[in-house]
There are 4 protein chains.
Amino acid sequence: MKTKTKITVRYAETDQMGIAHHSVYAVWFEAARTEFMREMGFPYAELEKMGILAPLLELHVKYGRPARYEDELLIETRLIKVTHTKLLFAYRVYDAKSERLLSQGSTLHGIVGKDLRPIRLQKVHPAFAQALVDVQEEDDS
Amino acid sequence: MKTKTKITVRYAETDQMGIAHHSVYAVWFEAARTEFMREMGFPYAELEKMGILAPLLELHVKYGRPARYEDELLIETRLIKVTHTKLLFAYRVYDAKSERLLSQGSTLHGIVGKDLRPIRLQKVHPAFAQALVDVQEEDDS
Amino acid sequence: MKTKTKITVRYAETDQMGIAHHSVYAVWFEAARTEFMREMGFPYAELEKMGILAPLLELHVKYGRPARYEDELLIETRLIKVTHTKLLFAYRVYDAKSERLLSQGSTLHGIVGKDLRPIRLQKVHPAFAQALVDVQEEDDS
Amino acid sequence: MKTKTKITVRYAETDQMGIAHHSVYAVWFEAARTEFMREMGFPYAELEKMGILAPLLELHVKYGRPARYEDELLIETRLIKVTHTKLLFAYRVYDAKSERLLSQGSTLHGIVGKDLRPIRLQKVHPAFAQALVDVQEEDDS
């Protein structure tokens, strides 16, 4: 599965270099991940209410061409690796008009409970555990 | 009581106009309020753990001269009004070097429990309720 | 004229109270204002390139009911006052599903050049100056 | 050279998981880098005015233990690699009280002019180019 999330660069997201600040990509990835989970049928807001959290273990961003205020972006999101305890998502940021690849990145997540300690997803929510395996898609880059 | 909180403008806080983005003043006010509460002897982190929250009801900011990257600012904070259910804080943002007043603002807070419903502070934490009255200081502007 | 901008609350926008942080409303208002200007036919990104900037002079937010992660919001935006040197926008934040009013606010802007000094919009860009007057709409609240 | 930058976690930086949001580490690294440059004798604000910019090419963060509201952190910053066109900084985030390592990361920067095109630092600002080489310090982790 692959989702495409539309983002319009906000003024507050720019910095004095005149481009979207590098820290905001993690926020965009998260918004894209939220849409990915919702399309999977497991909205993250609901998972959290059930006590299933997925905090970041690692973040990697590779910045290519800058994004600017009012630019429309498409964030392409895939779940490229699933283990019993971790999830690895990959993102590509495209300019919506030119369809040019601007930047890319990945986020590695642990699966934990409300106390931030690891949980066995297979036991806690087997349907979600299976769905994660089903939507997994190898990176074709 | 009046506290002075030192803030250095972060690059991420600038926008493409080359000045600190207007939304960040609310964040600075909050950092200043955190220091005010700590100096009062009632760190906000501890109050929250006891189930006493103070979410915003109103925010007002009046922007004067802009703040820029690496500028050192002083946020002067006072608690100018205390009622059984509300707190009103006032802030003045000064340039630390020139001592010029740049901007000012205020935040009105409700006092609620973890469910965001009003609580009677006098009953829940009388020592804190009294301390709030004691540190209150009229606006001299 | 009145525009409605859809916002989905981002996880990064929440705080440990479990609600959208109060500072983010100014960012949402700005995103809504961006859409308002674009619908007017004068995208703010283009105005800035022409040397017409509209920094904030004042911000006021009145918080009612909280917004939460993944909530869909509608920001209703109007330009309620236009003078030779200032613009006053008003915003209402609705929950998209329940259509309940959550919060509201306003932003007062000066009209300046790249050096942040006032300019005469009537002289610099008469078509935009006229359009602002045309889209102005009184507050009916 | 190694600098230590003190950061107090802001309430706005927390998320509904009750910890500092992962996107804010890039902002802290930047604040730490600002202090590093200032201690080197080449404040980044001044370099930018001279037309020397250092936007991010890559960001990597490895999250260990979470940071929480009001926690005092120390960000240890080193410049671990310098080439003609790139700079690589490494950061370690410690809890100031317990001195425990919480998280770590790195940022890779290009050296460009105001048009975001590469410049030859050795030619544009030889003193700064030399200083970068002098403060470089290998990663001892």
# chains A, B, ... in the order shown; residues from 1 in each chain; ligands from 1
>>> select_by_dssp(residues="chain A", states="strand (DSSP E)", output="MDAnalysis selection string")
chainID A and resid 3:8 56:63 72:82 86:95 101:110
>>> residues_around(residues="Arg65 (chain B)", least_positions_apart="2", cutoff="12 Å", atoms="only C-alpha atoms", output="PDB file with N, CA and C atoms, in the first residue's frame")
ATOM      1  N   ILE B  19      11.931  37.609  10.532  1.00  0.00           N
ATOM      2  CA  ILE B  19      11.677  37.937  11.947  1.00  0.00           C
ATOM      3  C   ILE B  19      11.065  36.734  12.662  1.00  0.00           C
ATOM      4  N   ALA B  20      11.061  36.799  13.988  1.00  0.00           N
ATOM      5  CA  ALA B  20      10.431  35.715  14.756  1.00  0.00           C
ATOM      6  C   ALA B  20       8.947  35.664  14.396  1.00  0.00           C
ATOM      7  N   HIS B  22       5.004  35.256  14.507  1.00  0.00           N
ATOM      8  CA  HIS B  22       4.112  35.746  15.560  1.00  0.00           C
ATOM      9  C   HIS B  22       3.575  34.634  16.465  1.00  0.00           C
ATOM     10  N   LYS B  62       0.272  41.925  21.407  1.00  0.00           N
ATOM     11  CA  LYS B  62       0.405  43.178  20.682  1.00  0.00           C
ATOM     12  C   LYS B  62       1.865  43.277  20.245  1.00  0.00           C
ATOM     13  N   TYR B  63       2.072  43.161  18.943  1.00  0.00           N
ATOM     14  CA  TYR B  63       3.427  43.130  18.397  1.00  0.00           C
ATOM     15  C   TYR B  63       3.919  44.536  18.107  1.00  0.00           C
ATOM     16  N   ALA B  67      11.488  40.757  16.626  1.00  0.00           N
ATOM     17  CA  ALA B  67      12.640  40.077  17.226  1.00  0.00           C
ATOM     18  C   ALA B  67      13.286  39.255  16.130  1.00  0.00           C
ATOM     19  N   ARG B  68      14.599  39.145  16.151  1.00  0.00           N
ATOM     20  CA  ARG B  68      15.319  38.454  15.091  1.00  0.00           C
ATOM     21  C   ARG B  68      16.202  37.330  15.633  1.00  0.00           C
ATOM     22  N   VAL B  93       7.879  41.770  26.433  1.00  0.00           N
ATOM     23  CA  VAL B  93       9.065  41.228  25.767  1.00  0.00           C
ATOM     24  C   VAL B  93      10.038  42.377  25.503  1.00  0.00           C
ATOM     25  N   TYR B  94      11.211  42.308  26.119  1.00  0.00           N
ATOM     26  CA  TYR B  94      12.230  43.333  25.938  1.00  0.00           C
ATOM     27  C   TYR B  94      13.417  42.783  25.158  1.00  0.00           C
ATOM     28  N   ASP B  95      14.063  43.627  24.406  1.00  0.00           N
ATOM     29  CA  ASP B  95      15.363  43.289  23.858  1.00  0.00           C
ATOM     30  C   ASP B  95      16.359  43.398  25.008  1.00  0.00           C
ATOM     31  N   ARG B 100      14.863  47.824  25.161  1.00  0.00           N
ATOM     32  CA  ARG B 100      13.656  48.381  24.554  1.00  0.00           C
ATOM     33  C   ARG B 100      12.513  47.380  24.626  1.00  0.00           C
ATOM     34  N   LEU B 101      11.325  47.900  24.888  1.00  0.00           N
ATOM     35  CA  LEU B 101      10.120  47.066  24.866  1.00  0.00           C
ATOM     36  C   LEU B 101       9.799  46.734  23.414  1.00  0.00           C
ATOM     37  N   LEU B 102       9.668  45.440  23.115  1.00  0.00           N
ATOM     38  CA  LEU B 102       9.373  45.024  21.746  1.00  0.00           C
ATOM     39  C   LEU B 102       7.887  44.721  21.568  1.00  0.00           C
ATOM     40  N   SER B 103       7.355  43.896  22.456  1.00  0.00           N
ATOM     41  CA  SER B 103       5.973  43.432  22.311  1.00  0.00           C
ATOM     42  C   SER B 103       5.404  43.135  23.684  1.00  0.00           C
ATOM     43  N   GLN B 104       4.093  42.929  23.751  1.00  0.00           N
ATOM     44  CA  GLN B 104       3.510  42.571  25.029  1.00  0.00           C
ATOM     45  C   GLN B 104       2.258  41.735  24.815  1.00  0.00           C
TER      46      GLN B 104
ATOM     47  N   PRO C  55       2.602  41.931   8.133  1.00  0.00           N
ATOM     48  CA  PRO C  55       2.914  41.340   9.453  1.00  0.00           C
ATOM     49  C   PRO C  55       1.839  41.658  10.487  1.00  0.00           C
ATOM     50  N   LEU C  56       1.793  40.830  11.526  1.00  0.00           N
ATOM     51  CA  LEU C  56       0.787  41.027  12.569  1.00  0.00           C
ATOM     52  C   LEU C  56       1.110  42.196  13.490  1.00  0.00           C
ATOM     53  N   LEU C  57       0.089  42.947  13.801  1.00  0.00           N
ATOM     54  CA  LEU C  57       0.182  43.986  14.837  1.00  0.00           C
ATOM     55  C   LEU C  57      -0.451  43.474  16.123  1.00  0.00           C
ATOM     56  N   LEU C 116       9.895  46.492   6.286  1.00  0.00           N
ATOM     57  CA  LEU C 116       8.921  46.523   7.384  1.00  0.00           C
ATOM     58  C   LEU C 116       8.399  47.925   7.689  1.00  0.00           C
ATOM     59  N   ARG C 117       8.572  48.864   6.747  1.00  0.00           N
ATOM     60  CA  ARG C 117       8.015  50.217   6.932  1.00  0.00           C
ATOM     61  C   ARG C 117       6.700  50.336   6.156  1.00  0.00           C
TER      62      ARG C 117
END
>>> select_by_dssp(residues="chain C", states="helix (DSSP H, G or I)", output="PyMOL selection string")
chain C and resi 11-13+24-40+44-49+121-124+126-135
>>> write_last_selection(atoms="C-alpha atoms", output="CSV table (one decimal), in the first residue's frame")
chain,number,residue,atom,x,y,z
C,11,TYR,CA,-0.1,14.9,16.3
C,12,ALA,CA,2.8,17.4,16.6
C,13,GLU,CA,0.2,20.1,17.4
C,24,VAL,CA,-1.1,26.5,16.9
C,25,TYR,CA,-4.3,28.5,16.4
C,26,ALA,CA,-2.3,31.4,15.1
C,27,VAL,CA,-0.7,29.0,12.6
C,28,TRP,CA,-4.1,27.7,11.5
C,29,PHE,CA,-5.5,31.3,11.2
C,30,GLU,CA,-2.5,32.0,8.9
C,31,ALA,CA,-3.2,28.9,6.7
C,32,ALA,CA,-6.8,30.0,6.5
C,33,ARG,CA,-5.8,33.6,5.6
C,34,THR,CA,-3.5,32.2,2.9
C,35,GLU,CA,-6.5,30.4,1.4
C,36,PHE,CA,-8.6,33.6,1.7
C,37,MET,CA,-6.1,35.6,-0.2
C,38,ARG,CA,-5.8,33.0,-2.9
C,39,GLU,CA,-9.5,32.9,-3.3
C,40,MET,CA,-9.5,36.7,-3.6
C,44,TYR,CA,0.1,36.2,-0.5
C,45,ALA,CA,3.2,34.5,-1.8
C,46,GLU,CA,2.9,36.7,-4.9
C,47,LEU,CA,2.2,39.9,-3.0
C,48,GLU,CA,5.4,39.2,-0.9
C,49,LYS,CA,7.4,38.9,-4.1
C,121,LEU,CA,-1.2,50.1,-0.8
C,122,GLN,CA,-3.5,52.4,-2.9
C,123,LYS,CA,-0.4,53.6,-4.7
C,124,VAL,CA,1.7,50.4,-4.8
C,126,PRO,CA,-4.4,49.8,-6.5
C,127,ALA,CA,-6.2,46.7,-7.8
C,128,PHE,CA,-5.4,44.7,-4.6
C,129,ALA,CA,-6.4,47.8,-2.5
C,130,GLN,CA,-9.8,47.8,-4.2
C,131,ALA,CA,-10.3,44.1,-3.9
C,132,LEU,CA,-9.7,44.3,-0.2
C,133,VAL,CA,-12.5,46.8,0.1
C,134,ASP,CA,-14.8,44.6,-2.1
C,135,VAL,CA,-14.3,41.4,-0.1
>>> interface_residues(of="chain C", to="chain D", cutoff="6 Å", atoms="only C-alpha atoms", output="PyMOL selection string")
chain C and resi 14-16+18
>>> atom_distance(atom1="CA of Thr85 (chain A)", atom2="CA of Val61 (chain D)")
19.1 Å
>>> closest_residue(among="C:His125, C:Lys4, C:Arg78, C:His109", to="Ala90 (chain C)", atoms="only C-alpha atoms")
C:Arg78
>>> atom_distance(atom1="CA of Glu138 (chain D)", atom2="CA of Leu79 (chain D)")
7.9 Å
>>> atom_distance(atom1="CA of Met1 (chain D)", atom2="CA of Arg10 (chain B)")
21.9 Å
